[in-house]
file coords-v9.cif (mmCIF, C-alpha atoms)
data_input
#
loop_
_atom_site.label_atom_id
_atom_site.label_comp_id
_atom_site.auth_asym_id
_atom_site.auth_seq_id
_atom_site.Cartn_x
_atom_site.Cartn_y
_atom_site.Cartn_z
CA MET A 1 72.30 2.24 87.54
CA THR A 2 69.42 4.72 87.33
CA ALA A 3 70.20 8.07 85.75
CA HIS A 4 68.28 11.16 86.87
CA LEU A 5 68.32 14.35 84.80
CA VAL A 6 67.90 17.75 86.45
CA THR A 7 66.99 20.17 83.72
CA ASN A 8 65.94 23.76 82.99
CA VAL A 9 68.59 25.10 85.39
CA GLY A 10 68.72 28.86 84.91
CA GLU A 11 72.18 29.10 86.44
CA LEU A 12 74.32 26.10 87.40
CA VAL A 13 77.38 26.60 89.60
CA THR A 14 79.74 23.67 89.08
CA TRP A 15 83.17 25.23 89.85
CA ASP A 16 84.47 23.08 87.02
CA ALA A 17 87.78 24.46 85.76
CA ASP A 18 86.44 25.06 82.24
CA ARG A 19 82.79 25.84 82.96
CA PRO A 20 82.47 27.07 86.55
CA VAL A 21 79.08 28.76 86.02
CA MET A 22 76.66 27.87 83.23
CA HIS A 23 73.27 29.16 82.12
CA ASP A 24 70.32 27.26 80.63
CA ALA A 25 71.97 24.12 81.93
CA ALA A 26 71.25 20.56 83.04
CA PHE A 27 73.05 17.78 84.86
CA VAL A 28 72.73 14.04 85.37
CA VAL A 29 73.04 12.14 88.66
CA GLU A 30 73.95 8.45 88.73
CA GLY A 31 74.75 6.53 91.89
CA GLY A 32 74.69 9.70 93.94
CA ARG A 33 77.37 11.37 91.78
CA ILE A 34 77.38 13.90 88.97
CA SER A 35 77.91 11.94 85.75
CA TRP A 36 77.28 14.72 83.22
CA PHE A 37 76.56 18.43 83.06
CA GLY A 38 76.21 20.87 80.22
CA HIS A 39 73.76 22.93 78.23
CA ARG A 40 70.14 21.85 78.48
CA ARG A 41 69.89 21.33 74.73
CA ASP A 42 72.68 18.73 74.89
CA ALA A 43 71.29 16.71 77.80
CA PRO A 44 71.37 12.94 77.36
CA ALA A 45 68.39 10.67 77.89
CA ALA A 46 67.80 9.58 81.47
CA ASP A 47 65.54 7.20 83.37
CA THR A 48 63.90 10.01 85.36
CA SER A 49 63.98 13.77 85.29
CA SER A 50 63.03 16.90 87.22
CA ASP A 51 62.57 20.45 85.98
CA VAL A 52 63.68 23.29 88.29
CA ALA A 53 61.91 25.93 86.20
CA GLY A 54 64.84 28.25 85.62
CA ALA A 55 66.10 28.30 89.21
CA ALA A 56 69.76 28.56 90.15
CA VAL A 57 71.45 25.40 91.44
CA ILE A 58 74.57 25.59 93.60
CA PRO A 59 76.78 23.04 95.34
CA GLY A 60 75.71 22.25 98.89
CA PHE A 61 77.50 24.44 101.39
CA VAL A 62 80.46 22.91 103.24
CA ASP A 63 80.49 24.28 106.78
CA SER A 64 84.02 23.51 107.92
CA HIS A 65 83.85 24.93 111.46
CA THR A 66 81.05 24.25 113.97
CA HIS A 67 80.65 23.48 117.67
CA LEU A 68 77.30 21.70 117.78
CA VAL A 69 77.71 19.40 120.79
CA PHE A 70 76.63 21.62 123.66
CA ALA A 71 73.89 22.38 126.14
CA GLY A 72 72.67 25.59 127.74
CA ASP A 73 71.97 29.11 126.58
CA ARG A 74 74.18 32.21 126.52
CA SER A 75 71.73 34.81 125.30
CA ALA A 76 72.34 36.91 128.41
CA GLU A 77 76.03 37.06 127.49
CA PHE A 78 75.09 38.16 123.97
CA GLU A 79 72.82 40.86 125.34
CA ALA A 80 75.62 42.12 127.59
CA ARG A 81 77.98 42.35 124.61
CA MET A 82 75.42 44.28 122.64
CA THR A 83 75.28 46.81 125.46
CA GLY A 84 79.04 47.31 125.66
CA GLU A 85 80.66 44.39 127.48
CA PRO A 86 83.71 43.08 125.54
CA TYR A 87 83.94 39.51 124.31
CA ALA A 88 86.39 37.18 126.07
CA ALA A 89 87.15 33.47 125.67
CA GLY A 90 86.15 32.70 129.26
CA GLY A 91 82.46 32.45 128.41
CA ILE A 92 83.17 28.97 127.05
CA ARG A 93 83.26 27.69 130.62
CA THR A 94 79.55 28.49 131.04
CA THR A 95 78.72 26.08 128.22
CA VAL A 96 81.13 23.48 129.62
CA ALA A 97 79.17 23.26 132.87
CA ALA A 98 75.85 22.84 131.06
CA THR A 99 77.26 20.30 128.61
CA ARG A 100 78.76 18.13 131.31
CA ALA A 101 75.39 18.02 133.09
CA ALA A 102 73.39 17.14 129.96
CA PRO A 103 72.48 13.53 129.09
CA ASP A 104 73.63 12.06 125.77
CA GLU A 105 70.08 12.16 124.40
CA LEU A 106 69.81 15.92 124.89
CA LEU A 107 73.20 16.57 123.28
CA ALA A 108 72.34 14.38 120.29
CA ALA A 109 68.99 16.10 119.87
CA THR A 110 70.72 19.49 119.91
CA VAL A 111 73.12 18.39 117.17
CA ALA A 112 70.26 17.01 115.09
CA ARG A 113 68.25 20.21 115.46
CA HIS A 114 71.08 22.44 114.32
CA LEU A 115 72.00 20.17 111.42
CA ALA A 116 68.37 20.30 110.30
CA GLU A 117 68.56 24.10 110.38
CA MET A 118 71.75 23.96 108.34
CA ARG A 119 70.34 21.58 105.77
CA ALA A 120 67.25 23.75 105.28
CA GLN A 121 69.64 26.58 104.39
CA GLY A 122 71.68 24.56 101.91
CA THR A 123 74.44 22.97 103.99
CA THR A 124 75.16 19.37 103.04
CA THR A 125 78.54 18.81 104.74
CA ALA A 126 79.44 19.97 108.24
CA GLU A 127 82.41 19.55 110.54
CA ILE A 128 81.64 19.20 114.28
CA LYS A 129 84.08 19.83 117.14
CA SER A 130 84.12 18.73 120.73
CA GLY A 131 85.44 21.23 123.28
CA TYR A 132 82.60 21.74 125.74
CA GLY A 133 83.38 18.69 127.87
CA LEU A 134 87.01 19.18 128.90
CA THR A 135 87.15 15.88 130.79
CA VAL A 136 88.19 12.57 129.31
CA LEU A 137 84.66 11.18 129.59
CA ASP A 138 82.85 14.27 128.32
CA GLU A 139 85.16 14.93 125.39
CA ALA A 140 84.96 11.29 124.29
CA ARG A 141 81.17 11.18 124.54
CA SER A 142 80.87 14.48 122.68
CA LEU A 143 82.87 13.10 119.79
CA ALA A 144 81.01 9.80 119.81
CA ILE A 145 77.75 11.76 119.51
CA ALA A 146 79.17 13.95 116.73
CA ARG A 147 80.43 10.89 114.82
CA GLY A 148 76.85 9.69 114.65
CA PHE A 149 76.14 12.63 112.34
CA THR A 150 79.36 13.26 110.36
CA ASP A 151 82.78 11.81 109.61
CA GLU A 152 84.25 15.32 109.91
CA THR A 153 84.75 15.29 113.68
CA THR A 154 87.39 17.32 115.50
CA PHE A 155 88.91 16.74 118.93
CA LEU A 156 89.10 20.15 120.63
CA GLY A 157 89.96 19.19 124.18
CA ALA A 158 92.32 22.18 124.08
CA HIS A 159 89.51 24.73 123.91
CA VAL A 160 90.21 26.44 127.24
CA VAL A 161 91.84 25.34 130.49
CA PRO A 162 89.07 24.26 132.90
CA GLU A 163 88.60 26.34 136.03
CA GLY A 164 90.75 25.23 138.94
CA THR A 165 93.13 23.30 136.67
CA ASP A 166 96.83 23.93 136.14
CA ALA A 167 97.53 24.64 132.45
CA ALA A 168 100.56 22.35 132.23
CA ALA A 169 98.71 19.50 133.89
CA TYR A 170 95.74 19.99 131.60
CA VAL A 171 97.93 19.87 128.48
CA GLU A 172 99.33 16.58 129.77
CA LEU A 173 95.77 15.29 130.14
CA VAL A 174 94.77 16.46 126.64
CA THR A 175 97.85 14.92 125.01
CA GLY A 176 97.61 11.70 127.04
CA PRO A 177 94.47 9.98 128.35
CA MET A 178 92.03 12.39 126.68
CA LEU A 179 93.63 12.02 123.26
CA GLU A 180 93.71 8.25 123.64
CA ALA A 181 89.97 8.18 124.45
CA CYS A 182 88.99 10.66 121.74
CA ALA A 183 91.16 9.70 118.75
CA PRO A 184 88.97 6.74 117.73
CA HIS A 185 86.03 9.13 117.24
CA ALA A 186 87.90 11.96 115.49
CA ARG A 187 89.49 12.79 112.16
CA TRP A 188 90.96 16.15 113.22
CA ILE A 189 92.69 17.76 116.18
CA ASP A 190 92.28 21.45 116.96
CA VAL A 191 93.52 23.94 119.56
CA PHE A 192 92.48 27.45 120.57
CA CYS A 193 95.84 29.22 120.31
CA GLU A 194 95.04 32.54 121.97
CA ASP A 195 95.67 34.63 125.08
CA GLY A 196 93.27 33.24 127.66
CA ALA A 197 93.41 29.80 126.10
CA PHE A 198 96.67 28.09 124.98
CA GLY A 199 100.04 29.63 124.18
CA GLU A 200 102.30 28.69 121.29
CA ASP A 201 104.27 25.96 123.08
CA GLU A 202 101.15 24.43 124.58
CA ALA A 203 99.36 24.50 121.24
CA ARG A 204 102.31 22.91 119.47
CA ALA A 205 102.42 20.11 122.05
CA VAL A 206 98.70 19.42 121.58
CA LEU A 207 98.87 19.40 117.79
CA GLU A 208 102.02 17.28 117.60
CA ALA A 209 100.49 14.71 119.94
CA GLY A 210 97.37 14.58 117.77
CA ILE A 211 99.42 14.20 114.61
CA ALA A 212 101.36 11.35 116.22
CA ALA A 213 98.02 9.68 117.01
CA GLY A 214 96.97 9.89 113.36
CA LEU A 215 94.77 12.99 113.52
CA LEU A 216 95.01 15.89 111.08
CA PRO A 217 95.67 19.38 112.50
CA ARG A 218 93.63 22.58 112.36
CA VAL A 219 94.00 25.68 114.52
CA HIS A 220 91.82 28.42 116.04
CA ALA A 221 94.20 31.26 115.18
CA ASN A 222 94.49 35.03 115.62
CA GLN A 223 90.89 35.67 116.65
CA LEU A 224 91.09 38.11 119.55
CA ARG A 225 94.44 39.75 118.76
CA HIS A 226 97.60 38.96 116.85
CA GLY A 227 99.37 35.82 117.99
CA PRO A 228 101.37 32.80 116.84
CA GLY A 229 98.43 30.66 115.70
CA VAL A 230 98.66 31.25 111.95
CA GLN A 231 102.42 30.69 111.81
CA LEU A 232 102.06 27.53 113.90
CA ALA A 233 99.33 26.23 111.60
CA VAL A 234 101.52 26.75 108.55
CA GLU A 235 104.59 25.26 110.27
CA LEU A 236 102.72 22.05 111.12
CA GLY A 237 100.93 21.77 107.79
CA ALA A 238 97.49 22.31 109.27
CA ALA A 239 94.56 22.09 106.88
CA ALA A 240 93.09 25.29 108.27
CA ALA A 241 93.85 28.33 110.37
CA ASP A 242 90.41 29.55 111.37
CA HIS A 243 89.40 33.10 112.35
CA CYS A 244 92.43 35.00 110.94
CA THR A 245 91.05 38.30 112.21
CA TYR A 246 94.39 39.87 113.14
CA LEU A 247 97.14 39.20 110.58
CA THR A 248 100.53 40.70 109.77
CA ASP A 249 102.00 40.77 106.29
CA ASP A 250 104.19 37.85 107.34
CA ASP A 251 101.10 35.85 108.29
CA VAL A 252 99.46 36.53 104.94
CA GLU A 253 102.66 35.63 103.10
CA ALA A 254 102.98 32.39 105.07
CA LEU A 255 99.40 31.39 104.29
CA ALA A 256 99.82 32.22 100.61
CA GLY A 257 102.86 29.97 100.36
CA SER A 258 101.23 27.03 102.14
CA GLY A 259 98.44 24.50 101.83
CA THR A 260 96.71 25.96 104.89
CA VAL A 261 93.27 27.42 104.26
CA ALA A 262 92.34 30.68 105.98
CA GLY A 263 88.95 30.01 107.51
CA LEU A 264 86.88 33.17 107.95
CA LEU A 265 83.92 33.11 110.34
CA PRO A 266 81.92 36.31 109.87
CA GLY A 267 79.20 35.28 112.31
CA VAL A 268 81.74 35.75 115.11
CA GLU A 269 82.50 39.35 114.27
CA PHE A 270 78.81 40.06 113.75
CA SER A 271 78.04 38.66 117.22
CA THR A 272 81.03 40.11 119.09
CA ARG A 273 81.46 43.46 117.30
CA GLN A 274 85.11 42.74 116.64
CA PRO A 275 86.67 43.93 113.38
CA TYR A 276 85.89 41.71 110.40
CA PRO A 277 88.83 39.86 108.83
CA ASP A 278 90.08 41.33 105.56
CA ALA A 279 89.15 38.71 102.99
CA ARG A 280 90.19 40.98 100.11
CA ARG A 281 93.75 41.16 101.43
CA LEU A 282 93.94 37.36 101.68
CA ILE A 283 92.41 36.62 98.28
CA ASP A 284 94.58 39.19 96.51
CA ALA A 285 97.64 37.56 98.07
CA GLY A 286 96.64 34.15 96.70
CA VAL A 287 95.46 32.60 99.98
CA THR A 288 92.76 29.92 99.80
CA VAL A 289 89.81 31.18 101.85
CA SER A 290 86.86 29.32 103.33
CA LEU A 291 83.70 30.64 104.96
CA ALA A 292 82.02 28.83 107.85
CA THR A 293 79.42 29.60 110.50
CA ASP A 294 81.38 28.68 113.67
CA CYS A 295 77.92 27.80 114.99
CA ASN A 296 78.24 27.82 118.79
CA PRO A 297 76.18 29.16 121.69
CA GLY A 298 78.58 31.93 122.65
CA SER A 299 80.31 33.87 119.91
CA SER A 300 78.37 32.94 116.74
CA TYR A 301 74.99 31.35 117.23
CA THR A 302 74.03 31.13 113.58
CA SER A 303 73.59 28.02 111.44
CA SER A 304 73.14 29.99 108.21
CA MET A 305 75.78 29.90 105.51
CA PRO A 306 73.72 32.30 103.35
CA PHE A 307 73.90 34.81 106.21
CA CYS A 308 77.69 34.38 106.36
CA ILE A 309 77.91 34.91 102.60
CA ALA A 310 75.91 38.13 102.83
CA VAL A 311 78.09 39.48 105.64
CA ALA A 312 81.29 38.50 103.82
CA VAL A 313 80.15 40.39 100.73
CA ARG A 314 78.94 43.42 102.66
CA ASP A 315 81.73 43.78 105.22
CA MET A 316 84.77 41.69 104.22
CA GLY A 317 85.49 42.78 100.66
CA MET A 318 84.39 39.60 98.90
CA SER A 319 82.45 39.45 95.67
CA PRO A 320 79.32 37.24 95.65
CA ARG A 321 81.18 34.73 93.49
CA GLU A 322 84.18 34.62 95.84
CA ALA A 323 81.94 34.24 98.87
CA LEU A 324 80.00 31.35 97.34
CA TRP A 325 83.24 29.65 96.27
CA SER A 326 84.62 30.00 99.80
CA ALA A 327 81.40 28.60 101.31
CA THR A 328 81.51 25.55 99.04
CA ARG A 329 84.82 24.71 97.37
CA GLY A 330 86.80 26.61 100.01
CA GLY A 331 85.10 24.69 102.80
CA ALA A 332 85.89 21.45 101.03
CA ALA A 333 89.55 22.50 100.77
CA SER A 334 89.54 23.24 104.50
CA LEU A 335 88.40 19.65 105.10
CA ARG A 336 90.73 18.29 102.41
CA ARG A 337 87.79 16.93 100.48
CA ASP A 338 87.60 16.82 96.68
CA ASP A 339 84.22 15.07 96.47
CA VAL A 340 82.05 17.89 97.83
CA GLY A 341 81.72 21.64 97.36
CA HIS A 342 81.42 21.43 93.55
CA LEU A 343 79.19 19.86 90.92
CA SER A 344 81.65 18.77 88.26
CA VAL A 345 81.74 15.18 87.02
CA GLY A 346 82.54 12.72 89.79
CA ALA A 347 81.44 14.96 92.66
CA LYS A 348 78.80 13.90 95.14
CA ALA A 349 75.41 15.13 94.01
CA ASP A 350 75.00 17.43 97.01
CA TYR A 351 73.23 20.54 95.81
CA ALA A 352 70.73 23.26 96.65
CA VAL A 353 68.03 24.66 94.40
CA LEU A 354 67.48 28.35 95.00
CA ASN A 355 64.21 30.21 94.73
CA ALA A 356 66.16 32.75 92.68
CA PRO A 357 67.63 33.05 89.18
CA SER A 358 71.22 33.52 90.38
CA TYR A 359 73.50 32.76 93.31
CA VAL A 360 74.05 36.52 93.61
CA HIS A 361 70.70 36.67 95.40
CA LEU A 362 72.30 35.00 98.43
CA ALA A 363 73.96 38.34 99.17
CA TYR A 364 71.49 40.54 97.28
CA ARG A 365 68.55 39.37 99.44
CA PRO A 366 70.07 38.87 102.92
CA GLY A 367 67.91 37.12 105.45
CA VAL A 368 65.45 35.78 102.87
CA PRO A 369 65.03 31.95 102.87
CA LEU A 370 66.05 31.34 99.25
CA VAL A 371 66.86 27.62 99.45
CA ALA A 372 63.88 25.85 97.91
CA ALA A 373 65.24 22.29 97.98
CA VAL A 374 68.35 20.44 99.12
CA VAL A 375 69.59 17.12 97.73
#
call {"tool": "encode", "arguments": {"input": "coords-v9.cif", "output": "structure tokens"}}
result
Amino acid sequence: MTAHLVTNVGELVTWDADRPVMHDAAFVVEGGRISWFGHRRDAPAADTSSDVAGAAVIPGFVDSHTHLVFAGDRSAEFEARMTGEPYAAGGIRTTVAATRAAPDELLAATVARHLAEMRAQGTTTAEIKSGYGLTVLDEARSLAIARGFTDETTFLGAHVVPEGTDAAAYVELVTGPMLEACAPHARWIDVFCEDGAFGEDEARAVLEAGIAAGLLPRVHANQLRHGPGVQLAVELGAAAADHCTYLTDDDVEALAGSGTVAGLLPGVEFSTRQPYPDARRLIDAGVTVSLATDCNPGSSYTSSMPFCIAVAVRDMGMSPREALWSATRGGAASLRRDDVGHLSVGAKADYAVLNAPSYVHLAYRPGVPLVAAVV
């Protein structure tokens, strides 16, 4: 097996328990995995090598919440929000109509384009949800397209209730024929538990049906106002409760005592002018936090994890180190992955080389394209 040495690393972020951040470092890749890391002076011989000239190297970002299978444009809706119109979940239906009308080739090209944007900015693992089809056929084809790009696919038939459809009847469809058609293409099941989308009982029915079908649960929770989503996620052992914008002390306590990751999506608040979630409160309580883009055409049309890191540091009370951890190791925890989001021995060799001496520059230089190379 060929060994490749990456050397002259000015700052290496591994998130290893003993040496999470090293300076003047090197690491060895064999078979696509990290086989050694340490100080440059101690580097073993290797078959090939590359010199990154003192640059910082970080784990590839793990974007644990995206909605990339869609068609259409909602820039007019964004412009209206920026001039005072409030955000509401109903805008999703605009994308549903465009997505249903789009051929598979267009939807696949859209996914590929956004993943290329993400990769150029350091993202090496991404989750992709359905949720813009809302028919058996369109949800199944959305997930089949997504599965062509990632194993981290999420069935989100319970995104909103389609226009002209009875909520109870739609939940029966989601938990019956739609779930049966979609489960073969999905690893996860998700539900938008929110006023204007699905209530607590409806969300529980959707998640329990998905669990019975072998899917793992995650929840869109507490985005627009306080609601039952976080408590439901913890009750059902969901991997993630995403958004977490409006939380009570009981919600924070429940998350801290659980294995459920609080997924924070700062692009949403940036794009909707809602209050940012309080990451400091969650971290200080011992909650595991992830950062993700929530890349979608309505409420957060960004594919940039560095942008989300900068916003989290500026407006959510996170340190640069905490934000990077949440965008890498935290994202991996949200997807229940231990092979990505870090660069300790045994991890996949998914990493980004920065055109900067330190990861701090991700927040220090917002908007600057600092990712020089992605492996």
call {"tool": "resolve_selection", "arguments": {"input": "coords-v9.cif", "expression": "the PyMOL selection byres ((chain A and resi 172) around 12)", "output": "ChimeraX atom specification"}}
result
/A:136,157-158,161,165-171,173-180,202-203,205-206,209
call {"tool": "resolve_selection", "arguments": {"input": "coords-v9.cif", "expression": "the PyMOL selection byres ((chain A and resi 107) around 10)", "output": "NGL selection string"}}
result
:A and (68-71 or 99-100 or 102-106 or 108-113 or 141-142 or 145-146)
call {"tool": "write_last_selection", "arguments": {"input": "coords-v9.cif", "atoms": "C-alpha atoms", "output": "compact mmCIF listing (two decimals), keeping the file's coordinate frame"}}
result
# COMPACT_ATOMS: atom_id res chain seq x y z
CA LEU A 68 77.30 21.70 117.78
CA VAL A 69 77.71 19.40 120.79
CA PHE A 70 76.63 21.62 123.66
CA ALA A 71 73.89 22.38 126.14
CA THR A 99 77.26 20.30 128.61
CA ARG A 100 78.76 18.13 131.31
CA ALA A 102 73.39 17.14 129.96
CA PRO A 103 72.48 13.53 129.09
CA ASP A 104 73.63 12.06 125.77
CA GLU A 105 70.08 12.16 124.40
CA LEU A 106 69.81 15.92 124.89
CA ALA A 108 72.34 14.38 120.29
CA ALA A 109 68.99 16.10 119.87
CA THR A 110 70.72 19.49 119.91
CA VAL A 111 73.12 18.39 117.17
CA ALA A 112 70.26 17.01 115.09
CA ARG A 113 68.25 20.21 115.46
CA ARG A 141 81.17 11.18 124.54
CA SER A 142 80.87 14.48 122.68
CA ILE A 145 77.75 11.76 119.51
CA ALA A 146 79.17 13.95 116.73
call {"tool": "residues_around", "arguments": {"input": "coords-v9.cif", "residues": "Arg81 of chain A", "least_positions_apart": "2", "cutoff": "12 Å", "atoms": "all atoms listed in the file", "output": "PDB file with C-alpha atoms, keeping the file's coordinate frame"}}
result
ATOM      1  CA  ARG A  74      74.180  32.210 126.520  1.00  0.00           C
ATOM      2  CA  SER A  75      71.730  34.810 125.300  1.00  0.00           C
ATOM      3  CA  ALA A  76      72.340  36.910 128.410  1.00  0.00           C
ATOM      4  CA  GLU A  77      76.030  37.060 127.490  1.00  0.00           C
ATOM      5  CA  PHE A  78      75.090  38.160 123.970  1.00  0.00           C
ATOM      6  CA  GLU A  79      72.820  40.860 125.340  1.00  0.00           C
ATOM      7  CA  THR A  83      75.280  46.810 125.460  1.00  0.00           C
ATOM      8  CA  GLY A  84      79.040  47.310 125.660  1.00  0.00           C
ATOM      9  CA  GLU A  85      80.660  44.390 127.480  1.00  0.00           C
ATOM     10  CA  PRO A  86      83.710  43.080 125.540  1.00  0.00           C
ATOM     11  CA  TYR A  87      83.940  39.510 124.310  1.00  0.00           C
ATOM     12  CA  ALA A  88      86.390  37.180 126.070  1.00  0.00           C
ATOM     13  CA  GLY A  91      82.460  32.450 128.410  1.00  0.00           C
ATOM     14  CA  GLU A 269      82.500  39.350 114.270  1.00  0.00           C
ATOM     15  CA  PHE A 270      78.810  40.060 113.750  1.00  0.00           C
ATOM     16  CA  SER A 271      78.040  38.660 117.220  1.00  0.00           C
ATOM     17  CA  THR A 272      81.030  40.110 119.090  1.00  0.00           C
ATOM     18  CA  ARG A 273      81.460  43.460 117.300  1.00  0.00           C
ATOM     19  CA  GLN A 274      85.110  42.740 116.640  1.00  0.00           C
ATOM     20  CA  GLY A 298      78.580  31.930 122.650  1.00  0.00           C
ATOM     21  CA  SER A 299      80.310  33.870 119.910  1.00  0.00           C
TER      22      SER A 299
END
call {"tool": "closest_residue", "arguments": {"input": "coords-v9.cif", "among": "A:Gly286, A:Gly131, A:Gly32, A:Pro162", "to": "Phe192 of chain A", "atoms": "all atoms listed in the file"}}
result
A:Gly131
call {"tool": "closest_residue", "arguments": {"input": "coords-v9.cif", "among": "A:His65, A:Arg40, A:Lys129, A:Arg204", "to": "Thr7 of chain A", "atoms": "all atoms listed in the file"}}
result
A:Arg40
